[in-house]
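**Student:** This is the structure I have questions about; it appears just below.
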Amino acid sequence: MRIGELAKRTGLPRDTIRFYERNGLITSQKPEGGSNDYRDYADEMIDRLVMITEARDAGFSVKELQSLLQHIENPGEERFEADPFLDRKIDDLKRTIERSKRLLHMLEATKAAIRGPH
């Protein structure tokens, strides 16, 4: 599929998709015999982009995603301390969830206070 279709199916802007490709998080192929600069993306890139987006939203950096994806695709090739890395990310995400819960509680209390007694 072309980038426009990938953008439509993932909800991501084309520039974001290009950014992820430039940073090695996704891949594309030039069509055989094509004389233009169009790129084709495999259907698997949809799931990969969803995972990348969710990981970025959870606080993963591009560099962390590069390392993680490299290890997933080539488990024996590079030394990667998966357990400590994932433990840190899990702890970070738990802290983010707790902060979000506190903020949500505060906003709900503020809304209730503004409304006053009914």
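Each chain in the structure tokens gets a letter, A, B, ..., in the order shown, and its residues are numbered from 1; ligands are numbered from 1 in order too.
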Based on DSSP run over this structure's backbone, return all residues of chain A in helix (DSSP H, G or I), as number ranges by chain.
**Tutor:** A: 3-10, 14-22, 44-57, 62-73, 82-115
**Student:** Can you pull out the residues contacting Gly11 of chain A? Cut-off 12 Å, using only C-alpha atoms, and skip same-chain residues under 5 positions away; I want them as a PyMOL selection string.
**Tutor:** chain A and resi 3-6+16-17+46+49-50+53
**Student:** Once you have the residues from the selection above, write them out as a compact mmCIF listing (two decimals), in the first residue's frame, restricted to C-alpha atoms.
**Tutor:**
```txt
# COMPACT_ATOMS: atom_id res chain seq x y z
CA ILE A 3 1.78 6.06 2.23
CA GLY A 4 -1.59 7.77 1.80
CA GLU A 5 -3.43 4.51 2.43
CA LEU A 6 -1.17 3.70 5.39
CA THR A 16 5.10 10.94 11.06
CA ILE A 17 5.23 7.79 8.95
CA ILE A 46 -0.25 -1.08 10.20
CA LEU A 49 2.68 1.62 13.59
CA VAL A 50 -0.10 1.05 16.12
CA THR A 53 2.27 4.93 18.54
```
**Student:** Hey, which bits of segment 7-74 of chain A sit within 12 Å of segment 94-115 of chain A, and for each residue what's the closest pair of atoms and how far apart in Å (one decimal), counting only C-alpha atoms, rows by chain and increasing number, as CSV?
**Tutor:**
```
residue,atom,partner,partner_atom,distance
A:Asp57,CA,A:Thr96,CA,10.7
A:Ala58,CA,A:Thr96,CA,8.2
A:Gly59,CA,A:Thr96,CA,9.0
```
**Student:** Between atom CA of Ile26 of chain A and atom CA of Tyr41 of chain A, what is the distance, to one decimal in Å?
**Tutor:**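 Atom CA of Tyr41 of chain A lies 8.7 Å from atom CA of Ile26 of chain A.
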**Student:** Just the number, please: distance in Å from atom CA of Asp40 of chain A to atom CA of Gln66 of chain A, one decimal.
**Tutor:** 21.3 Å
**Student:** What separation in Å, quoted to one decimal, exists between atom CA of Glu44 of chain A and atom CA of Ser61 of chain A?
**Tutor:**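 Those two atoms sit 21.5 Å apart.
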**Student:** My list of candidates is A:Asp92, A:Leu68, A:Phe19, A:Ser28. Which is closest to Asp43 of chain A when distances are computed with only C-alpha atoms?
**Tutor:** A:Ser28
**Student:** For each of A:Asn23, A:Ala42, A:Asp47, A:Asp87, take the minimum atom-to-atom distance to Ser67 of chain A, counting only C-alpha atoms, then give the residue where this is smallest.
**Tutor:**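 Between A:Asn23, A:Ala42, A:Asp47, A:Asp87, the residue approaching Ser67 of chain A most closely is A:Asn23.
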